[in-house]
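Listing of work_38.txt, compact mmCIF, C-alpha atoms and all ligand atoms
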```
# COMPACT_ATOMS: atom_id res chain seq x y z
CA MET A 5 -12.11 -7.78 -21.92
CA SER A 6 -15.48 -7.89 -20.22
CA GLU A 7 -14.15 -6.52 -16.98
CA GLU A 8 -11.98 -3.45 -17.01
CA VAL A 9 -8.71 -4.33 -15.42
CA THR A 10 -5.98 -1.92 -14.52
CA ALA A 11 -2.75 -2.17 -12.57
CA GLU A 12 -4.45 -0.25 -9.82
CA GLY A 13 -3.79 -2.96 -7.25
CA GLY A 14 -0.36 -1.46 -6.69
CA HIS A 15 0.95 -4.98 -6.27
CA GLY A 16 -0.72 -5.85 -9.56
CA ALA A 17 -3.74 -5.68 -11.80
CA VAL A 18 -7.19 -6.06 -10.29
CA PRO A 19 -10.68 -5.51 -11.73
CA THR A 20 -12.11 -2.02 -11.64
CA THR A 21 -15.65 -2.81 -12.72
CA GLY A 22 -18.03 -5.03 -10.82
CA VAL A 23 -16.17 -4.23 -7.61
CA GLU A 24 -17.90 -2.56 -4.68
CA THR A 25 -16.18 0.50 -3.28
CA GLY A 26 -17.78 0.03 0.10
CA LEU A 27 -18.33 3.68 0.83
CA GLY A 28 -20.37 4.54 3.86
CA GLU A 29 -21.79 1.24 5.08
CA LYS A 30 -20.93 1.31 8.75
CA PRO A 31 -20.34 -2.14 10.23
CA SER A 32 -23.12 -3.39 12.49
CA ARG A 33 -20.70 -4.59 15.17
CA ARG A 34 -19.03 -2.11 17.48
CA THR A 35 -15.45 -1.73 16.29
CA TRP A 36 -12.32 -0.56 18.09
CA PRO A 37 -11.82 3.22 17.98
CA LEU A 38 -9.46 4.90 15.53
CA TYR A 39 -6.19 6.36 16.83
CA GLU A 40 -3.85 8.76 15.05
CA VAL A 41 -0.15 7.97 15.49
CA PHE A 42 2.72 10.47 15.87
CA VAL A 43 6.37 9.41 15.96
CA ARG A 44 9.50 11.30 17.04
CA GLY A 45 12.11 10.04 14.61
CA LYS A 46 15.07 10.93 16.77
CA ARG A 47 16.01 13.23 19.61
CA GLY A 48 15.78 16.86 18.56
CA LEU A 49 12.87 16.37 16.14
CA ASN A 50 9.16 16.99 16.57
CA HIS A 51 6.65 14.17 16.63
CA VAL A 52 5.28 13.73 13.12
CA HIS A 53 1.97 12.19 12.08
CA VAL A 54 2.61 8.82 10.41
CA GLY A 55 -0.81 7.23 10.07
CA SER A 56 -3.58 5.65 12.08
CA LEU A 57 -4.71 2.35 13.53
CA HIS A 58 -7.48 0.79 15.57
CA ALA A 59 -7.10 -0.44 19.13
CA ALA A 60 -9.34 -1.30 22.05
CA ASP A 61 -7.56 1.09 24.41
CA ASP A 62 -4.67 3.55 24.66
CA GLU A 63 -2.12 0.97 25.75
CA MET A 64 -2.93 -1.39 22.91
CA ALA A 65 -2.78 1.55 20.51
CA LEU A 66 0.79 2.25 21.65
CA HIS A 67 1.85 -1.36 21.20
CA ASN A 68 0.23 -1.62 17.80
CA ALA A 69 1.82 1.67 16.76
CA ARG A 70 5.23 0.30 17.67
CA ASP A 71 4.66 -2.83 15.59
CA VAL A 72 3.11 -1.10 12.60
CA TYR A 73 5.13 2.12 12.37
CA THR A 74 8.54 1.50 13.98
CA ARG A 75 9.75 -1.92 12.81
CA ARG A 76 13.11 -0.41 11.78
CA ASN A 77 13.92 1.96 14.64
CA GLU A 78 11.99 4.77 12.96
CA GLY A 79 11.18 6.29 16.33
CA VAL A 80 12.36 7.05 19.85
CA SER A 81 8.94 8.16 21.10
CA ILE A 82 5.33 7.57 20.04
CA TRP A 83 2.14 9.51 20.76
CA VAL A 84 -1.25 7.99 20.08
CA VAL A 85 -4.46 10.00 20.32
CA ARG A 86 -8.08 9.06 19.74
CA ALA A 87 -8.99 10.49 16.34
CA ASP A 88 -12.30 11.79 17.67
CA ALA A 89 -10.42 13.89 20.25
CA ILE A 90 -8.69 15.95 17.56
CA THR A 91 -10.05 19.36 16.68
CA ALA A 92 -9.07 20.43 13.19
CA SER A 93 -9.20 23.67 11.23
CA SER A 94 -11.76 23.88 8.44
CA PRO A 95 -11.40 21.65 5.37
CA ALA A 96 -9.55 23.49 2.62
CA GLU A 97 -5.81 23.84 3.03
CA LYS A 98 -5.98 27.53 2.17
CA ASP A 99 -8.83 29.14 4.02
CA PRO A 100 -9.63 32.19 6.16
CA PHE A 101 -8.41 30.37 9.26
CA PHE A 102 -4.85 30.99 8.11
CA ALA A 103 -5.51 34.50 6.80
CA PRO A 104 -4.08 36.27 9.90
CA ALA A 105 -0.62 34.99 8.90
CA GLY A 106 -1.06 35.74 5.21
CA ASP A 107 -0.53 39.54 5.32
CA LYS A 108 2.26 39.60 7.88
CA VAL A 109 5.25 39.34 5.59
CA TYR A 110 7.25 41.34 8.16
CA ARG A 111 7.47 38.13 10.20
CA HIS A 112 9.96 36.77 7.67
CA PRO A 113 13.64 37.78 7.67
CA THR A 114 13.60 38.38 3.92
CA PHE A 115 11.20 41.33 4.48
CA TYR A 116 14.12 43.51 5.57
CA ALA A 117 16.51 45.02 3.05
CA ILE A 118 20.03 45.16 4.47
CA PRO A 119 23.03 46.42 2.46
CA ASP A 120 25.15 43.55 1.14
CA GLU A 121 28.31 44.80 2.79
CA VAL A 122 26.91 44.43 6.33
CA PRO A 123 28.19 41.09 7.61
CA HIS A 124 26.57 38.37 9.75
CA LEU A 125 22.95 39.42 9.13
CA MET B 9 -10.94 12.09 12.35
CA THR B 10 -14.37 12.64 10.89
CA VAL B 11 -14.21 13.39 7.21
CA THR B 12 -16.46 16.26 6.37
CA GLU B 13 -17.29 17.63 3.00
CA ASP B 14 -17.52 21.34 2.63
CA ARG B 15 -20.60 21.88 0.54
CA THR B 16 -21.23 25.44 1.58
CA GLY B 17 -19.90 26.98 -1.64
CA PRO B 18 -21.33 26.24 -5.06
CA GLU B 19 -20.24 22.83 -6.39
CA LEU B 20 -18.59 24.46 -9.39
CA ASP B 21 -16.17 26.48 -7.28
CA LEU B 22 -15.24 23.36 -5.37
CA GLU B 23 -14.64 21.42 -8.56
CA ALA B 24 -12.49 24.25 -9.92
CA GLY B 25 -10.48 24.24 -6.71
CA PHE B 26 -9.93 20.51 -7.01
CA ASP B 27 -8.90 20.85 -10.67
CA ARG B 28 -6.44 23.60 -9.71
CA THR B 29 -4.87 21.38 -7.07
CA ILE B 30 -4.48 18.51 -9.56
CA GLY B 31 -3.30 20.87 -12.33
CA ALA B 32 -0.58 22.33 -10.11
CA ASP B 33 0.53 18.79 -9.21
CA GLN B 34 -0.33 19.48 -5.58
CA ARG B 35 -1.65 16.85 -3.18
CA VAL B 36 -5.30 16.40 -2.35
CA GLU B 37 -5.78 15.96 1.40
CA PRO B 38 -8.56 14.08 3.24
CA ARG B 39 -10.69 17.07 4.25
CA ASP B 40 -10.55 18.70 0.82
CA TRP B 41 -13.59 18.56 -1.41
CA MET B 42 -13.14 15.99 -4.18
CA PRO B 43 -15.38 14.61 -6.93
CA GLU B 44 -17.29 11.52 -5.86
CA ALA B 45 -15.79 9.47 -8.72
CA TYR B 46 -12.26 10.37 -7.59
CA ARG B 47 -13.07 9.32 -4.03
CA LYS B 48 -14.63 6.04 -5.18
CA THR B 49 -11.75 5.21 -7.51
CA LEU B 50 -9.29 5.81 -4.71
CA ILE B 51 -11.19 3.77 -2.14
CA ARG B 52 -11.41 0.85 -4.55
CA GLN B 53 -7.76 1.12 -5.52
CA ILE B 54 -6.34 1.56 -2.02
CA ALA B 55 -8.61 -1.15 -0.58
CA GLN B 56 -7.63 -3.68 -3.26
CA HIS B 57 -3.98 -2.71 -2.85
CA ALA B 58 -4.31 -3.33 0.91
CA HIS B 59 -6.03 -6.68 0.29
CA SER B 60 -3.14 -7.65 -2.02
CA GLU B 61 -0.61 -7.02 0.74
CA ILE B 62 -2.68 -9.02 3.24
CA ILE B 63 -3.38 -11.97 0.92
CA GLY B 64 0.24 -11.75 -0.27
CA MET B 65 1.37 -13.04 3.13
CA GLN B 66 -0.07 -16.48 2.39
CA PRO B 67 2.09 -17.83 -0.46
CA GLU B 68 5.26 -16.91 1.41
CA GLY B 69 3.93 -17.80 4.87
CA ASN B 70 3.58 -21.29 3.42
CA TRP B 71 7.38 -21.69 3.65
CA ILE B 72 8.21 -20.08 7.00
CA LEU B 73 8.21 -23.40 8.89
CA ARG B 74 10.26 -25.06 6.13
CA ALA B 75 12.92 -22.38 5.67
CA PRO B 76 16.28 -24.17 5.53
CA SER B 77 18.05 -22.18 8.25
CA LEU B 78 17.33 -19.88 11.18
CA ARG B 79 18.75 -16.98 9.16
CA ARG B 80 16.37 -17.62 6.25
CA LYS B 81 13.46 -18.15 8.60
CA ALA B 82 14.07 -14.84 10.42
CA ILE B 83 14.32 -13.00 7.08
CA LEU B 84 11.14 -14.57 5.72
CA LEU B 85 9.25 -13.80 8.93
CA ALA B 86 10.36 -10.17 8.75
CA LYS B 87 9.35 -9.97 5.10
CA VAL B 88 5.89 -11.41 5.70
CA GLN B 89 5.45 -9.13 8.72
CA ASP B 90 6.30 -6.16 6.48
CA GLU B 91 3.51 -7.19 4.09
CA ALA B 92 1.07 -7.12 7.01
CA GLY B 93 2.38 -3.64 7.81
CA HIS B 94 1.87 -2.56 4.19
CA GLY B 95 -1.74 -3.69 4.45
CA MET B 96 -2.15 -1.65 7.65
CA TYR B 97 -0.66 1.55 6.15
CA LEU B 98 -3.02 1.20 3.21
CA TYR B 99 -6.16 0.48 5.23
CA ALA B 100 -5.29 3.60 7.26
CA ALA B 101 -5.04 5.61 4.03
CA ALA B 102 -8.38 4.21 2.78
CA GLU B 103 -10.07 5.21 6.04
CA THR B 104 -9.20 8.87 5.46
CA LEU B 105 -11.70 8.66 2.56
CA GLY B 106 -14.59 7.76 4.85
CA VAL B 107 -14.67 3.94 4.82
CA ASP B 108 -14.18 1.70 7.80
CA ARG B 109 -11.53 -1.00 7.52
CA GLU B 110 -13.84 -3.55 9.12
CA GLU B 111 -16.11 -3.01 6.16
CA LEU B 112 -13.24 -3.47 3.72
CA THR B 113 -12.25 -6.74 5.38
CA GLU B 114 -15.84 -7.92 5.00
CA LYS B 115 -15.68 -7.08 1.28
CA LEU B 116 -12.46 -9.06 0.92
CA ILE B 117 -13.66 -12.22 2.64
CA SER B 118 -16.95 -12.13 0.75
CA SER B 119 -15.04 -11.65 -2.55
CA LYS B 120 -16.82 -8.37 -3.30
CA GLN B 121 -13.41 -6.80 -3.64
CA LYS B 122 -10.38 -8.50 -5.18
CA TYR B 123 -6.63 -8.55 -4.83
CA SER B 124 -3.66 -8.90 -7.16
CA SER B 125 -3.96 -11.97 -9.39
CA ILE B 126 -0.35 -12.99 -8.71
CA PHE B 127 -1.23 -14.33 -5.26
CA ASN B 128 -3.51 -16.95 -6.74
CA TYR B 129 -0.50 -18.96 -7.87
CA PRO B 130 0.84 -21.54 -5.39
CA THR B 131 4.38 -21.63 -3.97
CA LEU B 132 5.53 -25.13 -4.92
CA SER B 133 9.22 -25.03 -4.03
CA TYR B 134 11.50 -23.07 -1.72
CA ALA B 135 13.06 -21.38 -4.76
CA ASP B 136 9.68 -19.65 -5.16
CA ILE B 137 10.51 -17.58 -2.06
CA GLY B 138 13.55 -16.15 -3.84
CA VAL B 139 11.75 -15.69 -7.15
CA ILE B 140 8.80 -13.93 -5.50
CA GLY B 141 11.17 -11.47 -3.81
CA TRP B 142 13.04 -10.88 -7.06
CA LEU B 143 10.25 -10.83 -9.66
CA VAL B 144 6.95 -10.32 -7.82
CA ASP B 145 8.22 -7.70 -5.39
CA GLY B 146 10.28 -6.31 -8.28
CA ALA B 147 7.15 -5.86 -10.41
CA ALA B 148 5.32 -4.43 -7.40
CA ILE B 149 8.13 -1.89 -6.98
CA CYS B 150 7.74 -0.78 -10.63
CA ASN B 151 4.01 -0.26 -9.98
CA GLN B 152 4.46 1.35 -6.59
CA VAL B 153 7.32 3.82 -7.06
CA PRO B 154 5.22 6.16 -9.27
CA LEU B 155 2.41 5.94 -6.70
CA CYS B 156 4.68 7.80 -4.26
CA ARG B 157 3.72 10.87 -6.36
CA CYS B 158 0.02 10.00 -6.46
CA SER B 159 -2.26 13.04 -6.18
CA TYR B 160 -3.91 11.76 -2.99
CA GLY B 161 -1.64 12.67 -0.06
CA PRO B 162 -2.30 9.81 2.39
CA TYR B 163 -1.91 7.18 -0.37
CA ALA B 164 1.33 8.76 -1.63
CA ARG B 165 2.75 8.89 1.90
CA ALA B 166 1.85 5.25 2.56
CA MET B 167 3.62 4.32 -0.67
CA VAL B 168 6.80 6.13 0.41
CA ARG B 169 6.95 3.97 3.53
CA ILE B 170 6.17 0.83 1.55
CA CYS B 171 8.75 1.46 -1.17
CA LYS B 172 11.50 1.90 1.42
CA GLU B 173 10.70 -1.57 2.73
CA GLU B 174 10.26 -3.23 -0.67
CA SER B 175 13.94 -2.77 -1.43
CA PHE B 176 14.77 -5.25 1.36
CA HIS B 177 12.18 -7.65 -0.08
CA GLN B 178 13.70 -7.69 -3.51
CA ARG B 179 17.30 -7.91 -2.33
CA GLN B 180 16.70 -10.78 0.10
CA GLY B 181 15.01 -12.69 -2.73
CA PHE B 182 17.84 -12.09 -5.15
CA GLU B 183 20.46 -13.02 -2.57
CA LEU B 184 18.60 -16.25 -1.82
CA LEU B 185 18.63 -17.11 -5.54
CA LEU B 186 22.33 -16.26 -5.83
CA ALA B 187 23.04 -18.77 -3.05
CA MET B 188 20.97 -21.42 -4.81
CA VAL B 189 22.43 -20.97 -8.29
CA ASN B 190 25.89 -21.30 -6.76
CA GLY B 191 24.83 -24.52 -5.04
CA THR B 192 24.18 -27.98 -6.48
CA ASP B 193 22.82 -28.70 -9.96
CA ALA B 194 19.53 -29.69 -8.36
CA GLN B 195 19.29 -26.32 -6.61
CA LYS B 196 20.09 -24.49 -9.84
CA ALA B 197 17.42 -26.48 -11.66
CA MET B 198 14.96 -25.64 -8.91
CA VAL B 199 15.58 -21.91 -9.47
CA GLN B 200 15.11 -22.24 -13.24
CA GLU B 201 11.88 -24.21 -12.80
CA SER B 202 10.57 -21.52 -10.47
CA VAL B 203 11.51 -18.69 -12.86
CA ASP B 204 9.70 -20.55 -15.63
CA ARG B 205 6.48 -20.57 -13.58
CA TRP B 206 6.62 -16.99 -12.26
CA TRP B 207 7.89 -14.96 -15.23
CA TRP B 208 4.63 -14.69 -17.15
CA PRO B 209 2.37 -14.11 -14.13
CA SER B 210 4.81 -11.34 -13.10
CA LEU B 211 4.40 -9.64 -16.49
CA MET B 212 0.62 -9.91 -16.09
CA MET B 213 0.83 -7.93 -12.84
CA PHE B 214 0.99 -4.74 -14.92
CA GLY B 215 -2.46 -5.39 -16.33
CA PRO B 216 -3.69 -5.70 -19.91
CA PRO B 217 -2.11 -3.80 -22.83
CA ASP B 218 -2.83 -0.06 -22.93
CA ASP B 219 -5.38 -0.26 -25.74
CA ASP B 220 -7.37 -2.70 -23.59
CA SER B 221 -7.27 -0.66 -20.41
CA PRO B 222 -9.95 2.02 -20.75
CA ASN B 223 -9.89 3.17 -17.11
CA SER B 224 -6.23 4.17 -17.18
CA ALA B 225 -6.81 7.51 -18.93
CA GLN B 226 -9.07 8.86 -16.19
CA SER B 227 -6.68 7.68 -13.46
CA MET B 228 -3.81 9.40 -15.27
CA ALA B 229 -5.78 12.64 -15.67
CA TRP B 230 -6.38 12.59 -11.92
CA GLY B 231 -2.70 12.06 -11.17
CA ILE B 232 -3.41 8.70 -9.52
CA LYS B 233 -1.63 6.69 -12.19
CA ARG B 234 1.56 8.14 -13.69
CA HIS B 235 2.59 5.61 -16.35
CA THR B 236 0.68 3.25 -18.59
CA ASN B 237 0.62 -0.52 -18.06
CA ASP B 238 2.87 -1.14 -21.06
CA GLU B 239 5.40 1.49 -20.00
CA LEU B 240 5.75 -0.10 -16.58
CA ARG B 241 5.89 -3.62 -18.04
CA GLN B 242 8.67 -2.53 -20.44
CA ARG B 243 10.62 -1.00 -17.57
CA PHE B 244 10.31 -4.25 -15.62
CA VAL B 245 11.48 -6.40 -18.56
CA ASP B 246 14.49 -4.16 -19.17
CA MET B 247 15.43 -4.28 -15.49
CA SER B 248 15.01 -8.04 -15.20
CA VAL B 249 17.08 -9.17 -18.19
CA PRO B 250 20.53 -8.27 -16.80
CA GLN B 251 19.50 -9.57 -13.38
CA ALA B 252 18.56 -12.93 -14.92
CA ALA B 253 21.94 -12.97 -16.66
CA ALA B 254 23.69 -12.37 -13.33
CA LEU B 255 21.86 -15.39 -11.91
CA GLY B 256 22.55 -17.47 -15.00
CA VAL B 257 18.87 -18.29 -15.49
CA THR B 258 16.85 -18.12 -18.71
CA LEU B 259 13.65 -16.10 -18.92
CA PRO B 260 11.09 -18.39 -20.61
CA ASP B 261 10.29 -16.17 -23.60
CA PRO B 262 11.73 -17.11 -27.02
CA GLU B 263 10.74 -13.67 -28.37
CA LEU B 264 12.75 -11.80 -25.73
CA VAL B 265 15.45 -9.89 -27.62
CA TRP B 266 17.25 -6.54 -27.42
CA ASN B 267 15.90 -3.99 -29.87
CA GLU B 268 18.68 -1.53 -30.73
CA ASP B 269 16.28 0.98 -32.34
CA ARG B 270 14.05 1.22 -29.29
CA LYS B 271 16.91 0.77 -26.83
CA SER B 272 14.61 -1.70 -25.09
CA HIS B 273 13.78 -5.38 -25.15
CA ASP B 274 11.09 -6.82 -27.36
CA TYR B 275 9.15 -9.54 -25.59
CA GLY B 276 6.29 -11.97 -26.18
CA GLU B 277 2.62 -11.54 -25.37
CA PRO B 278 1.44 -12.91 -22.00
CA ASP B 279 -1.50 -15.33 -22.10
CA TRP B 280 -4.30 -12.86 -21.44
CA ALA B 281 -6.90 -15.63 -21.39
CA GLU B 282 -5.14 -17.11 -18.37
CA PHE B 283 -4.90 -13.67 -16.77
CA LYS B 284 -8.60 -13.12 -17.24
CA ALA B 285 -9.44 -16.52 -15.78
CA VAL B 286 -7.28 -15.93 -12.70
CA ILE B 287 -8.76 -12.46 -12.14
CA ALA B 288 -12.24 -13.93 -12.50
CA GLY B 289 -11.52 -16.37 -9.69
CA SER B 290 -10.46 -19.63 -11.34
CA GLY B 291 -6.76 -19.37 -10.53
CA PRO B 292 -5.04 -22.31 -8.84
CA ALA B 293 -5.40 -20.90 -5.33
CA ASN B 294 -8.25 -18.32 -5.38
CA ALA B 295 -10.69 -20.23 -3.19
CA GLN B 296 -8.01 -21.30 -0.73
CA ARG B 297 -6.66 -17.75 -0.27
CA VAL B 298 -10.03 -16.21 0.52
CA ALA B 299 -11.14 -19.13 2.71
CA HIS B 300 -7.93 -18.87 4.72
CA ARG B 301 -8.37 -15.13 5.24
CA ARG B 302 -11.97 -15.62 6.29
CA ARG B 303 -11.03 -18.35 8.78
CA ALA B 304 -8.27 -16.20 10.30
CA HIS B 305 -10.67 -13.26 10.65
CA GLU B 306 -13.46 -15.33 12.21
CA ASN B 307 -11.12 -17.21 14.54
CA GLY B 308 -9.83 -13.86 15.79
CA ALA B 309 -13.29 -12.58 16.75
CA TRP B 310 -13.02 -13.69 20.40
CA VAL B 311 -9.70 -11.84 20.75
CA ARG B 312 -11.23 -8.61 19.50
CA GLU B 313 -14.21 -9.04 21.83
CA ALA B 314 -12.03 -9.88 24.85
CA ALA B 315 -9.82 -6.84 24.29
CA GLN B 316 -12.92 -4.65 24.04
CA ALA B 317 -14.36 -6.11 27.26
CA TYR B 318 -11.06 -5.50 29.05
CA ALA B 319 -10.94 -1.90 27.78
CA ASP B 320 -14.53 -1.31 28.92
CA LYS B 321 -13.75 -2.68 32.38
CA GLN B 322 -10.63 -0.55 32.77
CA ALA B 323 -12.53 2.55 31.67
CA ALA B 324 -15.33 1.83 34.17
CA ARG B 325 -12.78 1.43 36.99
CA ALA B 326 -11.08 4.68 36.08
CA ARG B 327 -14.44 6.45 36.25
CA GLU B 328 -15.19 4.99 39.70
CA GLN B 329 -11.88 6.26 41.07
CA GLU B 330 -12.58 9.74 39.78
CA VAL B 331 -15.68 10.05 41.99
CA PRO B 332 -14.67 12.24 44.99
CA ALA B 333 -14.96 10.47 48.34
FE FE A 401 4.25 -5.13 0.07
FE FE A 402 6.97 -6.77 -0.67
```

Written as structure tokens, how would this file's structure read?
Amino acid sequence: MSEEVTAEGGHGAVPTTGVETGLGEKPSRRTWPLYEVFVRGKRGLNHVHVGSLHAADDEMALHNARDVYTRRNEGVSIWVVRADAITASSPAEKDPFFAPAGDKVYRHPTFYAIPDEVPHL
Amino acid sequence: MTVTEDRTGPELDLEAGFDRTIGADQRVEPRDWMPEAYRKTLIRQIAQHAHSEIIGMQPEGNWILRAPSLRRKAILLAKVQDEAGHGMYLYAAAETLGVDREELTEKLISSKQKYSSIFNYPTLSYADIGVIGWLVDGAAICNQVPLCRCSYGPYARAMVRICKEESFHQRQGFELLLAMVNGTDAQKAMVQESVDRWWWPSLMMFGPPDDDSPNSAQSMAWGIKRHTNDELRQRFVDMSVPQAAALGVTLPDPELVWNEDRKSHDYGEPDWAEFKAVIAGSGPANAQRVAHRRRAHENGAWVREAAQAYADKQAARAREQEVPA
């Protein structure tokens, strides 16, 4: 086959050669800002990040989030936040930023040896 | 979130870190360093997957106004809306790799990126709605379930959401067909005619045979792809045969037979020349699908601009009110 075709479309096979990836060309028009979406699945749970979307303003972001991420009652509460307002720790998942917690094993209950016969501990 | 690449350490260390993550079957996350080829492969794959979901709304949308009852219409609307949602989850995942979805849409409507070949076949009868849910969504499920364990975190998480919803898609299609095959002879014949048209294109969804799919090995080494095209196709055939029997329809392949030694079905070879032609753009509905998407995007431009103007005005007003008297 002249073009290399895989099942990489997810829904089905699409060409993998002769296809532009489209990395890095920013559109000339001004586009709506990116929002990150957090959903509380039910009372008693934390909001959890579920994805992102674009919207012209905060209110539209909330409405779009409802339509995109909670079509089946997946949430009782939604937070949306402009992606550029998020401050994140440095890139790698394991890095010095988290080191302060790394050597404090005494913060975990399993650090403490208790005789087996002592109940309710 | 801005995607930054940490290039402070030597490239080799970064590459070793990436290899360790893949080797331990851990997930790669957006802000991790990753080889450029991995990033590009993922962008192309996720983008074309998203385009497939978006274009996939058209063949089924064709029948929303002609659905035979309010119940069927509501179901079909919900199904098509889900496909839009699938496209949105996937564009969001692609954006974590540093592309803008506006740019991806441009690539779709200018045919610089493609979508699944299956959507270039027309929906000629209402039975096609049932058969698409059963076979086309069924084949998509076979492709998509392993992607839930894909090495790239945002893609894998999008696939988990999608797979949950696909189950409804397949079941509503099968139920629709069950109703039709228990109806009149004409309805039963309509189902069989539809199965005859969709069976082979569904098998083609898994891509060419393994020995003709040179890119698969790299994708498998990276943990993006988990099974070969032929493995997935075989799984789909074995799943479909008893389902066809339950419907009382015949799958249009004279070579389809149970192989006791392999504990699997043998089946005939799809027409790869047709597959290649459809992928290359000469399928029955290629031009129409892209033209329709382009028209919808261009006709929506004023809405996007109006919403932006409104947002700007509201923001300006809010600033005015903040000024102390
Ligand atoms: Fe889908
Ligand atoms: Fe679907």

Atom CA of Pro260 of chain B to atom CA of Asp204 of chain B: how many Å, to one decimal? 5.6 Å

When you get a sec, could you note down which chain B residues fall within 7 Å of chain A, using all atoms listed in the file, as number ranges by chain? B: 9, 14, 39-40, 48, 51-53, 56-57, 60, 93, 97, 100, 106-108, 110-112, 120-125, 148, 151-152, 213-216, 221-224, 237, 287, 315-316, 319

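What separates atom CA of Pro262 of chain B from atom CA of Val249 of chain B is a distance of 13.0 Å.
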
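Each residue with an atom within 7 Å of any atom of ligand FE 401 (chain A) appears in the list, which was built counting only C-alpha atoms and all ligand atoms: Glu61, Asp90, Glu91, His94, Ile170 and Glu174 of chain B.
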
Distance atom CA of Ala135 of chain B-atom CA of Val245 of chain B, one decimal place?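 Atom CA of Ala135 of chain B sits 20.4 Å away from atom CA of Val245 of chain B.
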
Measuring atom to atom with all atoms listed in the file, identify which of B:Phe127, B:Tyr134, B:Phe176, B:Tyr99 is nearest to ligand FE 402 (chain A). B:Phe176

Write out as a PyMOL selection string which residues come within 8 Å of segment 238-242 of chain B when counting only C-alpha atoms, dropping same-chain ones fewer than 5 positions away. chain B and resi 150-151+211+214+217-218+272-273

Shell around Ser210 of chain B at 9 Å using all atoms listed in the file, local window under 2 positions removed, as a list in words: Gly16 of chain A; Ile126, Ile140, Leu143, Val144, Gly146, Ala147, Ala148, Trp206, Trp207, Trp208, Met212, Met213 and Phe214 of chain B

Of the candidates B:Leu84, B:Val36, B:Val203, B:Cys158, which shows the shortest atom-to-atom distance to ligand FE 402 (chain A), using all atoms listed in the file?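 Under the stated criterion, the closest residue is B:Leu84.
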
When you count all atoms listed in the file, which of these residues is closest to ligand FE 402 (chain A): B:Ala295, B:Cys171, B:Leu50, B:Ile72? B:Cys171
